[in-house]
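Listing of run_25.pdb; format and content: PDB, C-alpha atoms, pLDDT in the B column.
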```pdb
ATOM      1  CA  MET A 653      23.863 -16.759 -14.643  1.00 38.00           C
ATOM      2  CA  GLY A 654      26.292 -16.789 -17.535  1.00 42.00           C
ATOM      3  CA  GLN A 655      26.701 -14.263 -20.283  1.00 40.00           C
ATOM      4  CA  ASN A 656      23.523 -13.952 -22.342  1.00 43.00           C
ATOM      5  CA  THR A 657      24.494 -14.362 -25.974  1.00 40.00           C
ATOM      6  CA  SER A 658      21.147 -15.216 -27.552  1.00 39.00           C
ATOM      7  CA  SER A 659      20.746 -13.659 -30.987  1.00 34.00           C
ATOM      8  CA  ALA A 660      17.591 -11.784 -29.993  1.00 38.00           C
ATOM      9  CA  VAL A 661      19.259 -10.141 -27.014  1.00 38.00           C
ATOM     10  CA  MET A 662      22.446  -9.350 -28.923  1.00 34.00           C
ATOM     11  CA  GLN A 663      20.466  -7.630 -31.662  1.00 36.00           C
ATOM     12  CA  GLN A 664      18.599  -5.526 -29.121  1.00 39.00           C
ATOM     13  CA  ARG A 665      21.800  -4.581 -27.303  1.00 38.00           C
ATOM     14  CA  SER A 666      23.384  -3.332 -30.526  1.00 39.00           C
ATOM     15  CA  GLU A 667      20.589  -0.898 -31.419  1.00 40.00           C
ATOM     16  CA  PRO A 668      21.438   2.801 -31.540  1.00 44.00           C
ATOM     17  CA  HIS A 669      20.980   4.937 -28.431  1.00 45.00           C
ATOM     18  CA  SER A 670      17.976   6.722 -29.924  1.00 46.00           C
ATOM     19  CA  SER A 671      16.011   3.479 -30.203  1.00 48.00           C
ATOM     20  CA  LEU A 672      16.400   2.423 -26.562  1.00 61.00           C
ATOM     21  CA  ASP A 673      13.459   2.185 -24.176  1.00 78.00           C
ATOM     22  CA  ASP A 674      14.044   5.623 -22.676  1.00 86.00           C
ATOM     23  CA  PHE A 675      11.033   6.383 -20.504  1.00 91.00           C
ATOM     24  CA  PRO A 676      12.120   8.113 -17.257  1.00 94.00           C
ATOM     25  CA  THR A 677      10.085   7.187 -14.172  1.00 96.00           C
ATOM     26  CA  PRO A 678       8.330  10.022 -12.318  1.00 97.00           C
ATOM     27  CA  PRO A 679       9.826  10.217  -8.804  1.00 98.00           C
ATOM     28  CA  TRP A 680       6.439   9.982  -7.121  1.00 98.00           C
ATOM     29  CA  ALA A 681       5.938   6.497  -8.565  1.00 98.00           C
ATOM     30  CA  THR A 682       9.152   5.321  -6.888  1.00 98.00           C
ATOM     31  CA  ARG A 683       8.159   6.926  -3.584  1.00 98.00           C
ATOM     32  CA  ALA A 684       4.840   5.076  -3.785  1.00 98.00           C
ATOM     33  CA  LEU A 685       6.746   1.778  -3.925  1.00 98.00           C
ATOM     34  CA  CYS A 686       9.080   2.761  -1.081  1.00 98.00           C
ATOM     35  CA  GLU A 687       6.161   3.763   1.130  1.00 97.00           C
ATOM     36  CA  TRP A 688       4.506   0.403   0.470  1.00 96.00           C
ATOM     37  CA  MET A 689       7.767  -1.412   1.232  1.00 96.00           C
ATOM     38  CA  GLY A 690       8.428   0.727   4.304  1.00 94.00           C
ATOM     39  CA  ARG A 691       5.284  -0.563   5.953  1.00 92.00           C
ATOM     40  CA  ARG A 692       6.795  -4.065   5.813  1.00 89.00           C
ATOM     41  CA  VAL A 693      10.560  -3.659   6.228  1.00 90.00           C
ATOM     42  CA  VAL A 694      12.981  -1.026   7.522  1.00 93.00           C
ATOM     43  CA  LEU A 695      14.674   0.358   4.414  1.00 96.00           C
ATOM     44  CA  ALA A 696      16.959   2.840   6.140  1.00 96.00           C
ATOM     45  CA  GLY A 697      19.590   0.199   6.902  1.00 95.00           C
ATOM     46  CA  MET A 698      19.493  -1.535   3.517  1.00 97.00           C
ATOM     47  CA  THR A 699      21.372  -1.258   0.250  1.00 98.00           C
ATOM     48  CA  CYS A 700      19.775  -0.928  -3.172  1.00 98.00           C
ATOM     49  CA  ARG A 701      20.922  -1.202  -6.782  1.00 98.00           C
ATOM     50  CA  GLU A 702      19.427   0.737  -9.710  1.00 98.00           C
ATOM     51  CA  PRO A 703      21.026  -0.880 -12.784  1.00 97.00           C
ATOM     52  CA  ALA A 704      19.153   1.162 -15.422  1.00 96.00           C
ATOM     53  CA  ALA A 705      19.582   4.546 -13.777  1.00 96.00           C
ATOM     54  CA  ASN A 706      19.050   6.654 -16.902  1.00 94.00           C
ATOM     55  CA  ARG A 707      19.089  10.313 -15.764  1.00 94.00           C
ATOM     56  CA  GLY A 708      18.690   9.430 -12.082  1.00 95.00           C
ATOM     57  CA  HIS A 709      15.011  10.225 -11.600  1.00 96.00           C
ATOM     58  CA  MET A 710      14.511   6.936  -9.726  1.00 97.00           C
ATOM     59  CA  VAL A 711      17.847   7.106  -7.925  1.00 98.00           C
ATOM     60  CA  LYS A 712      16.980  10.353  -6.160  1.00 97.00           C
ATOM     61  CA  PRO A 713      13.832   9.092  -4.380  1.00 98.00           C
ATOM     62  CA  LEU A 714      15.456   5.729  -3.616  1.00 98.00           C
ATOM     63  CA  ARG A 715      18.193   7.612  -1.758  1.00 98.00           C
ATOM     64  CA  GLU A 716      15.509   9.219   0.386  1.00 98.00           C
ATOM     65  CA  TYR A 717      14.654   5.803   1.813  1.00 98.00           C
ATOM     66  CA  PHE A 718      17.680   3.478   1.542  1.00 98.00           C
ATOM     67  CA  LYS A 719      21.018   3.573   3.349  1.00 97.00           C
ATOM     68  CA  ALA A 720      22.940   3.399   0.067  1.00 98.00           C
ATOM     69  CA  VAL A 721      21.942   3.238  -3.589  1.00 98.00           C
ATOM     70  CA  GLU A 722      24.312   1.955  -6.280  1.00 98.00           C
ATOM     71  CA  ALA A 723      23.434   3.385  -9.685  1.00 97.00           C
ATOM     72  CA  ALA A 724      24.714   2.687 -13.190  1.00 96.00           C
ATOM     73  CA  ASP A 725      23.483   2.414 -16.760  1.00 95.00           C
ATOM     74  CA  MET A 726      24.700   0.867 -19.985  1.00 92.00           C
ATOM     75  CA  HIS A 727      24.549   4.280 -21.690  1.00 92.00           C
ATOM     76  CA  ASP A 728      25.671   7.738 -20.642  1.00 92.00           C
ATOM     77  CA  TYR A 729      22.653   9.978 -20.115  1.00 91.00           C
ATOM     78  CA  GLY A 730      24.766  12.799 -18.676  1.00 90.00           C
ATOM     79  CA  ALA A 731      23.933  12.156 -15.010  1.00 91.00           C
ATOM     80  CA  GLY A 732      27.457  11.055 -14.065  1.00 94.00           C
ATOM     81  CA  PHE A 733      26.666   7.418 -13.305  1.00 95.00           C
ATOM     82  CA  PRO A 734      29.151   4.669 -14.209  1.00 95.00           C
ATOM     83  CA  GLN A 735      28.506   2.931 -17.514  1.00 94.00           C
ATOM     84  CA  ASN A 736      27.923  -0.733 -16.884  1.00 92.00           C
ATOM     85  CA  ASP A 737      26.158  -3.451 -18.846  1.00 93.00           C
ATOM     86  CA  TYR A 738      24.025  -5.130 -16.211  1.00 96.00           C
ATOM     87  CA  LEU A 739      23.216  -8.246 -18.217  1.00 95.00           C
ATOM     88  CA  PHE A 740      26.643  -9.218 -19.511  1.00 89.00           C
ATOM     89  CA  GLY A 741      29.672 -10.543 -17.690  1.00 85.00           C
ATOM     90  CA  SER A 742      29.767 -12.000 -14.203  1.00 88.00           C
ATOM     91  CA  ASN A 743      27.124 -11.260 -11.595  1.00 91.00           C
ATOM     92  CA  PRO A 744      27.640  -8.052  -9.601  1.00 94.00           C
ATOM     93  CA  ASP A 745      28.072  -8.251  -5.847  1.00 95.00           C
ATOM     94  CA  PRO A 746      24.750  -8.835  -4.083  1.00 96.00           C
ATOM     95  CA  VAL A 747      22.737  -6.002  -2.566  1.00 97.00           C
ATOM     96  CA  ASP A 748      19.648  -6.094  -0.372  1.00 97.00           C
ATOM     97  CA  TRP A 749      17.272  -4.841  -3.060  1.00 98.00           C
ATOM     98  CA  THR A 750      17.353  -4.287  -6.812  1.00 98.00           C
ATOM     99  CA  ILE A 751      14.810  -1.720  -7.995  1.00 98.00           C
ATOM    100  CA  THR A 752      14.563  -0.342 -11.519  1.00 98.00           C
ATOM    101  CA  ASN A 753      12.537   0.486 -14.602  1.00 97.00           C
ATOM    102  CA  PRO A 754      14.037  -2.099 -16.960  1.00 96.00           C
ATOM    103  CA  PRO A 755      14.141  -1.779 -20.755  1.00 93.00           C
ATOM    104  CA  PHE A 756      10.809  -3.289 -21.712  1.00 88.00           C
ATOM    105  CA  ARG A 757      12.197  -5.815 -24.180  1.00 90.00           C
ATOM    106  CA  LEU A 758      14.846  -6.971 -21.701  1.00 95.00           C
ATOM    107  CA  ALA A 759      12.731  -6.946 -18.558  1.00 96.00           C
ATOM    108  CA  GLU A 760      12.781 -10.714 -18.098  1.00 97.00           C
ATOM    109  CA  GLN A 761      16.577 -10.794 -18.265  1.00 96.00           C
ATOM    110  CA  PHE A 762      16.808  -7.920 -15.785  1.00 97.00           C
ATOM    111  CA  ILE A 763      14.484  -9.723 -13.407  1.00 97.00           C
ATOM    112  CA  GLU A 764      16.461 -12.950 -13.673  1.00 96.00           C
ATOM    113  CA  ARG A 765      19.756 -11.274 -12.865  1.00 97.00           C
ATOM    114  CA  ALA A 766      18.229  -9.187 -10.091  1.00 97.00           C
ATOM    115  CA  LEU A 767      16.787 -12.275  -8.417  1.00 96.00           C
ATOM    116  CA  GLU A 768      20.239 -13.872  -8.477  1.00 95.00           C
ATOM    117  CA  THR A 769      21.965 -10.847  -6.914  1.00 96.00           C
ATOM    118  CA  SER A 770      19.505  -9.528  -4.312  1.00 96.00           C
ATOM    119  CA  HIS A 771      19.400 -10.721  -0.703  1.00 94.00           C
ATOM    120  CA  ARG A 772      16.035  -9.294   0.291  1.00 95.00           C
ATOM    121  CA  GLY A 773      14.033  -8.554  -2.812  1.00 95.00           C
ATOM    122  CA  VAL A 774      13.458  -7.159  -6.284  1.00 97.00           C
ATOM    123  CA  ALA A 775      11.015  -4.557  -7.593  1.00 98.00           C
ATOM    124  CA  MET A 776      10.456  -3.682 -11.249  1.00 98.00           C
ATOM    125  CA  ILE A 777       8.047  -1.144 -12.679  1.00 98.00           C
ATOM    126  CA  VAL A 778       6.588  -2.524 -15.892  1.00 97.00           C
ATOM    127  CA  ARG A 779       3.688  -1.994 -18.222  1.00 96.00           C
ATOM    128  CA  SER A 780       0.691  -3.848 -16.861  1.00 97.00           C
ATOM    129  CA  ALA A 781       0.526  -5.697 -20.172  1.00 96.00           C
ATOM    130  CA  PHE A 782       3.783  -7.390 -19.116  1.00 97.00           C
ATOM    131  CA  LEU A 783       1.621  -9.703 -16.997  1.00 97.00           C
ATOM    132  CA  GLU A 784       0.194 -11.237 -20.166  1.00 96.00           C
ATOM    133  CA  GLY A 785       1.795 -13.845 -22.394  1.00 96.00           C
ATOM    134  CA  ILE A 786       1.973 -17.630 -22.352  1.00 98.00           C
ATOM    135  CA  GLY A 787       5.709 -17.673 -22.969  1.00 97.00           C
ATOM    136  CA  ARG A 788       6.413 -15.233 -20.143  1.00 97.00           C
ATOM    137  CA  TYR A 789       4.171 -17.225 -17.852  1.00 97.00           C
ATOM    138  CA  ASP A 790       6.025 -20.434 -18.673  1.00 97.00           C
ATOM    139  CA  ARG A 791       9.491 -18.882 -18.353  1.00 96.00           C
ATOM    140  CA  LEU A 792       8.977 -16.571 -15.386  1.00 96.00           C
ATOM    141  CA  PHE A 793       5.694 -16.326 -13.539  1.00 95.00           C
ATOM    142  CA  SER A 794       5.043 -20.070 -13.191  1.00 94.00           C
ATOM    143  CA  VAL A 795       8.619 -20.656 -12.005  1.00 93.00           C
ATOM    144  CA  THR A 796       9.293 -17.583  -9.832  1.00 93.00           C
ATOM    145  CA  PRO A 797       6.026 -15.736  -9.202  1.00 94.00           C
ATOM    146  CA  PRO A 798       6.279 -12.261  -7.685  1.00 96.00           C
ATOM    147  CA  THR A 799       5.184 -11.703  -4.113  1.00 94.00           C
ATOM    148  CA  GLY A 800       3.073  -8.761  -5.121  1.00 95.00           C
ATOM    149  CA  VAL A 801       1.593  -7.033  -8.145  1.00 98.00           C
ATOM    150  CA  LEU A 802       1.036  -3.388  -7.240  1.00 98.00           C
ATOM    151  CA  GLN A 803      -1.240  -1.785  -9.801  1.00 98.00           C
ATOM    152  CA  PHE A 804      -1.345   2.009  -9.899  1.00 98.00           C
ATOM    153  CA  SER A 805      -4.917   3.274  -9.609  1.00 97.00           C
ATOM    154  CA  GLU A 806      -3.891   6.560 -11.271  1.00 96.00           C
ATOM    155  CA  ARG A 807      -1.853   6.711 -14.436  1.00 96.00           C
ATOM    156  CA  VAL A 808       1.924   6.981 -14.279  1.00 97.00           C
ATOM    157  CA  VAL A 809       2.822   9.187 -17.222  1.00 95.00           C
ATOM    158  CA  MET A 810       6.146   8.343 -18.850  1.00 94.00           C
ATOM    159  CA  HIS A 811       7.328  10.318 -21.868  1.00 91.00           C
ATOM    160  CA  LYS A 812       9.975   9.003 -24.234  1.00 90.00           C
ATOM    161  CA  GLY A 813      13.274  10.776 -23.672  1.00 88.00           C
ATOM    162  CA  LYS A 814      12.165  13.250 -20.996  1.00 90.00           C
ATOM    163  CA  LEU A 815      10.636  13.591 -17.545  1.00 92.00           C
ATOM    164  CA  SER A 816       7.528  15.763 -17.416  1.00 91.00           C
ATOM    165  CA  ALA A 817       4.633  16.377 -15.056  1.00 90.00           C
ATOM    166  CA  LYS A 818       2.422  17.193 -18.025  1.00 92.00           C
ATOM    167  CA  GLY A 819       0.576  15.059 -20.524  1.00 89.00           C
ATOM    168  CA  SER A 820      -1.328  11.800 -20.431  1.00 90.00           C
ATOM    169  CA  THR A 821      -0.894   8.205 -21.516  1.00 90.00           C
ATOM    170  CA  ALA A 822      -2.945   5.175 -22.486  1.00 92.00           C
ATOM    171  CA  THR A 823      -0.363   2.868 -20.910  1.00 94.00           C
ATOM    172  CA  ALA A 824      -0.950   1.402 -17.447  1.00 97.00           C
ATOM    173  CA  TYR A 825       1.944   0.523 -15.135  1.00 97.00           C
ATOM    174  CA  CYS A 826       2.437  -1.624 -12.065  1.00 98.00           C
ATOM    175  CA  TRP A 827       5.234  -2.633  -9.717  1.00 98.00           C
ATOM    176  CA  LEU A 828       6.208  -6.303  -9.587  1.00 98.00           C
ATOM    177  CA  VAL A 829       7.785  -7.172  -6.237  1.00 97.00           C
ATOM    178  CA  TRP A 830       9.683 -10.277  -5.227  1.00 96.00           C
ATOM    179  CA  ASP A 831      10.035 -10.081  -1.423  1.00 91.00           C
ATOM    180  CA  ASN A 832      12.522 -12.672  -0.146  1.00 78.00           C
ATOM    181  CA  PRO A 833      12.731 -14.123  -3.683  1.00 65.00           C
ATOM    182  CA  HIS A 834      14.392 -17.333  -2.527  1.00 68.00           C
ATOM    183  CA  ILE A 835      11.274 -18.377  -0.606  1.00 72.00           C
ATOM    184  CA  PRO A 836       8.362 -19.542  -2.826  1.00 70.00           C
ATOM    185  CA  THR A 837       5.080 -17.754  -2.143  1.00 77.00           C
ATOM    186  CA  ASP A 838       1.701 -16.957  -3.634  1.00 87.00           C
ATOM    187  CA  THR A 839       1.219 -13.688  -5.488  1.00 94.00           C
ATOM    188  CA  ARG A 840      -0.962 -10.968  -3.995  1.00 95.00           C
ATOM    189  CA  PHE A 841      -2.581  -8.356  -6.225  1.00 97.00           C
ATOM    190  CA  GLN A 842      -2.957  -4.925  -4.671  1.00 97.00           C
ATOM    191  CA  TRP A 843      -3.724  -1.396  -5.794  1.00 98.00           C
ATOM    192  CA  ILE A 844      -1.597   1.651  -5.093  1.00 98.00           C
ATOM    193  CA  ALA A 845      -4.097   4.264  -3.970  1.00 98.00           C
ATOM    194  CA  PRO A 846      -3.996   7.721  -5.586  1.00 98.00           C
ATOM    195  CA  CYS A 847      -0.900   9.420  -4.189  1.00 98.00           C
ATOM    196  CA  ARG A 848       0.764  11.516  -6.895  1.00 97.00           C
ATOM    197  CA  LYS A 849      -0.286  14.869  -5.459  1.00 97.00           C
ATOM    198  CA  ARG A 850       0.958  13.922  -2.003  1.00 97.00           C
ATOM    199  CA  LEU A 851       4.260  12.388  -3.099  1.00 98.00           C
ATOM    200  CA  GLU A 852       5.471  14.921  -5.662  1.00 97.00           C
ATOM    201  CA  LYS A 853       8.140  17.299  -4.357  1.00 96.00           C
ATOM    202  CA  PRO A 854       9.669  20.577  -5.552  1.00 95.00           C
ATOM    203  CA  GLY A 855      12.533  19.860  -7.920  1.00 94.00           C
ATOM    204  CA  ASP A 856      11.149  16.561  -9.209  1.00 96.00           C
ATOM    205  CA  TYR A 857      10.939  17.952 -12.757  1.00 93.00           C
ATOM    206  CA  PRO A 858      14.127  20.011 -13.160  1.00 86.00           C
ATOM    207  CA  GLU A 859      13.792  20.612 -16.903  1.00 73.00           C
ATOM    208  CA  GLU A 860      10.360  22.169 -16.519  1.00 75.00           C
ATOM    209  CA  THR A 861      11.496  24.211 -13.498  1.00 62.00           C
ATOM    210  CA  ALA A 862      14.405  25.590 -15.512  1.00 56.00           C
ATOM    211  CA  THR A 863      12.100  26.817 -18.258  1.00 50.00           C
TER     212      THR A 863
END
```
Show this structure as structure tokens.
Amino acid sequence: MGQNTSSAVMQQRSEPHSSLDDFPTPPWATRALCEWMGRRVVLAGMTCREPAANRGHMVKPLREYFKAVEAADMHDYGAGFPQNDYLFGSNPDPVDWTITNPPFRLAEQFIERALETSHRGVAMIVRSAFLEGIGRYDRLFSVTPPTGVLQFSERVVMHKGKLSAKGSTATAYCWLVWDNPHIPTDTRFQWIAPCRKRLEKPGDYPEETAT
């Protein structure tokens, strides 16, 4: 995949930091994915990349399951991760899995690059509405359909600019998973059973603990 220089993408990439899709993922939602994956493959010996690491709230639970997790982000959120633009320049070295919460408006580009640079699979948490759209179907889902659509049965609450256990949302989320993305397959729709209470751990919401 070459450098993406389309005008739409370039305009989005030049927006100020405050306008970015900054919606940290609750750690329990990442653990739910890893538990689902762990019933199918052994994650402990695999490598993973989180290219939109934000403040690291997805990186931490990924490191509970994977052998090694490479984390970076285009912007500095103060978590100490390298600053790296995932979509521009040459492809990064391949890893076993790429797992992230991509910027919503750039999710297709993130998926495309992840599929090119992942040996075993790709998983992206997206708004369930991402499944809709004729253009997206033509460009992505009809060409490279995901192995699984994992719809959360309980709401994953994501707040703009902060991680919090409180609040509610009208937005539904699901995981899209491409398992062995180089082998065409039919898509299976599954639900993630209620699991937030079981999968949350002390320290998952450091800002609220500190206050």
Handout entry: Selection dump of the PyMOL selection byres ((chain A and resi 776) around 7), as an MDAnalysis selection string
Key = chainID A and resid 751:754 774:775 777:778 827:829
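Minimum atom-to-atom distance to A:Gln735, evaluated using all atoms listed in the file, belongs to A:Asn706 out of A:Gln761, A:Ala845, A:Asn706, A:Val711.
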Problem - Coordinates-based distance that separates atom CA of A:Asn743 from atom CA of A:Glu702 (Å, one decimal) - result: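 Taking atom CA of A:Glu702 as the start and atom CA of A:Asn743 as the end point, the length is 14.4 Å.
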Problem - Residue with smallest distance to A:Thr750 - pool A:Arg692, A:Lys719, A:Lys814, A:Arg701, counting only C-alpha atoms - result: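 When distances to A:Thr750 are compared using only C-alpha atoms, the smallest one comes from A:Arg701.
Excluding stretch 838-842 of chain A and any residue on its chain fewer than 5 positions from it, the residues at most 7 Å away by all atoms listed in the file are Pro797, Pro798, Thr799, Gly800, Val801, Leu802 and Gln803 of chain A.
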I'd like the box whose edges run along x, y and z of the file and which contains every listed atom of stretch 687-700 of chain A, padded by 5 Å per side; could you state its centre and edge lengths in Å, one decimal, as AutoDock Vina command-line options?
```
--center_x 12.9 --center_y -0.2 --center_z 2.2 --size_x 26.9 --size_y 17.8 --size_z 20.7
```
Practice task
Have a look at atom CA of A:Cys826 and atom CA of A:Gly741 and let me know their distance in Å, one decimal.
Solution key: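 Computed distance, atom CA of A:Cys826 to atom CA of A:Gly741, equals 29.2 Å.
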Handout entry: Pairwise distance for atom CA of A:Arg788 and atom CA of A:Trp749, rounded to one decimal in Å
Key = 22.8 Å
Exercise for the section: Starting from the shown file, work through the PyMOL selection byres ((chain A and resi 677-679) around 7) and note down what comes out as a PyMOL selection string. Expected result: chain A and resi 675-676+680-683+709-710+713+810+815+856
Problem - Nearest to A:Ala817 by atom-to-atom distance, counting all atoms listed in the file, from A:Gly697, A:Gly787, A:Gly855, A:Pro703 - result: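 Among the listed residues, A:Gly855 lies closest to A:Ala817.
Among the candidates A:Ala824, A:Ala781, A:Ala696, A:Leu739, the residue lying nearest to A:Ala720 is A:Ala696 (atoms considered: all atoms listed in the file).
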Problem - Pick from A:Asp725, A:Asp737, A:Glu687, A:Asp748, whichever lies nearest to A:Arg850 using only C-alpha atoms - result: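 The answer is A:Glu687, which sits nearest to A:Arg850.
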Fix up stretch 712-728 of chain A with N, CA, C and O atoms, then write it as a PDB file, in the frame of the given file.
```
ATOM      1  N   LYS A 712      17.194   9.306  -7.166  1.00 97.00           N
ATOM      2  CA  LYS A 712      16.980  10.353  -6.160  1.00 97.00           C
ATOM      3  C   LYS A 712      15.977   9.942  -5.094  1.00 97.00           C
ATOM      4  O   LYS A 712      16.278  10.004  -3.892  1.00 97.00           O
ATOM      5  N   PRO A 713      14.756   9.512  -5.436  1.00 98.00           N
ATOM      6  CA  PRO A 713      13.832   9.092  -4.380  1.00 98.00           C
ATOM      7  C   PRO A 713      14.273   7.835  -3.650  1.00 98.00           C
ATOM      8  O   PRO A 713      14.004   7.699  -2.449  1.00 98.00           O
ATOM      9  N   LEU A 714      14.951   6.905  -4.326  1.00 98.00           N
ATOM     10  CA  LEU A 714      15.456   5.729  -3.616  1.00 98.00           C
ATOM     11  C   LEU A 714      16.423   6.139  -2.510  1.00 98.00           C
ATOM     12  O   LEU A 714      16.420   5.555  -1.415  1.00 98.00           O
ATOM     13  N   ARG A 715      17.232   7.154  -2.765  1.00 98.00           N
ATOM     14  CA  ARG A 715      18.193   7.612  -1.758  1.00 98.00           C
ATOM     15  C   ARG A 715      17.520   8.311  -0.587  1.00 98.00           C
ATOM     16  O   ARG A 715      18.150   8.514   0.457  1.00 98.00           O
ATOM     17  N   GLU A 716      16.264   8.659  -0.728  1.00 98.00           N
ATOM     18  CA  GLU A 716      15.509   9.219   0.386  1.00 98.00           C
ATOM     19  C   GLU A 716      15.114   8.141   1.386  1.00 98.00           C
ATOM     20  O   GLU A 716      14.810   8.450   2.541  1.00 98.00           O
ATOM     21  N   TYR A 717      15.145   6.893   0.963  1.00 98.00           N
ATOM     22  CA  TYR A 717      14.654   5.803   1.813  1.00 98.00           C
ATOM     23  C   TYR A 717      15.740   4.798   2.202  1.00 98.00           C
ATOM     24  O   TYR A 717      15.700   4.253   3.314  1.00 98.00           O
ATOM     25  N   PHE A 718      16.693   4.526   1.303  1.00 98.00           N
ATOM     26  CA  PHE A 718      17.680   3.478   1.542  1.00 98.00           C
ATOM     27  C   PHE A 718      18.983   4.053   2.123  1.00 98.00           C
ATOM     28  O   PHE A 718      19.311   5.224   1.905  1.00 98.00           O
ATOM     29  N   LYS A 719      19.714   3.188   2.795  1.00 97.00           N
ATOM     30  CA  LYS A 719      21.018   3.573   3.349  1.00 97.00           C
ATOM     31  C   LYS A 719      21.990   3.943   2.246  1.00 97.00           C
ATOM     32  O   LYS A 719      22.737   4.923   2.351  1.00 97.00           O
ATOM     33  N   ALA A 720      22.033   3.153   1.187  1.00 98.00           N
ATOM     34  CA  ALA A 720      22.940   3.399   0.067  1.00 98.00           C
ATOM     35  C   ALA A 720      22.301   2.882  -1.207  1.00 98.00           C
ATOM     36  O   ALA A 720      21.652   1.834  -1.204  1.00 98.00           O
ATOM     37  N   VAL A 721      22.485   3.627  -2.295  1.00 98.00           N
ATOM     38  CA  VAL A 721      21.942   3.238  -3.589  1.00 98.00           C
ATOM     39  C   VAL A 721      23.068   3.247  -4.615  1.00 98.00           C
ATOM     40  O   VAL A 721      23.706   4.273  -4.847  1.00 98.00           O
ATOM     41  N   GLU A 722      23.312   2.090  -5.212  1.00 98.00           N
ATOM     42  CA  GLU A 722      24.312   1.955  -6.280  1.00 98.00           C
ATOM     43  C   GLU A 722      23.606   2.145  -7.619  1.00 98.00           C
ATOM     44  O   GLU A 722      22.618   1.480  -7.905  1.00 98.00           O
ATOM     45  N   ALA A 723      24.098   3.062  -8.428  1.00 97.00           N
ATOM     46  CA  ALA A 723      23.434   3.385  -9.685  1.00 97.00           C
ATOM     47  C   ALA A 723      24.400   3.307 -10.854  1.00 97.00           C
ATOM     48  O   ALA A 723      25.558   3.722 -10.743  1.00 97.00           O
ATOM     49  N   ALA A 724      23.922   2.770 -11.962  1.00 96.00           N
ATOM     50  CA  ALA A 724      24.714   2.687 -13.190  1.00 96.00           C
ATOM     51  C   ALA A 724      23.763   2.519 -14.356  1.00 96.00           C
ATOM     52  O   ALA A 724      22.562   2.283 -14.183  1.00 96.00           O
ATOM     53  N   ASP A 725      24.282   2.641 -15.561  1.00 95.00           N
ATOM     54  CA  ASP A 725      23.483   2.414 -16.760  1.00 95.00           C
ATOM     55  C   ASP A 725      24.426   2.007 -17.880  1.00 95.00           C
ATOM     56  O   ASP A 725      25.617   2.353 -17.869  1.00 95.00           O
ATOM     57  N   MET A 726      23.882   1.281 -18.848  1.00 92.00           N
ATOM     58  CA  MET A 726      24.700   0.867 -19.985  1.00 92.00           C
ATOM     59  C   MET A 726      25.127   2.071 -20.825  1.00 92.00           C
ATOM     60  O   MET A 726      26.209   2.087 -21.412  1.00 92.00           O
ATOM     61  N   HIS A 727      24.282   3.102 -20.873  1.00 92.00           N
ATOM     62  CA  HIS A 727      24.549   4.280 -21.690  1.00 92.00           C
ATOM     63  C   HIS A 727      24.747   5.509 -20.813  1.00 92.00           C
ATOM     64  O   HIS A 727      24.287   5.565 -19.673  1.00 92.00           O
ATOM     65  N   ASP A 728      25.410   6.496 -21.351  1.00 92.00           N
ATOM     66  CA  ASP A 728      25.671   7.738 -20.642  1.00 92.00           C
ATOM     67  C   ASP A 728      24.557   8.732 -20.951  1.00 92.00           C
ATOM     68  O   ASP A 728      24.448   9.243 -22.064  1.00 92.00           O
TER      69      ASP A 728
END
```
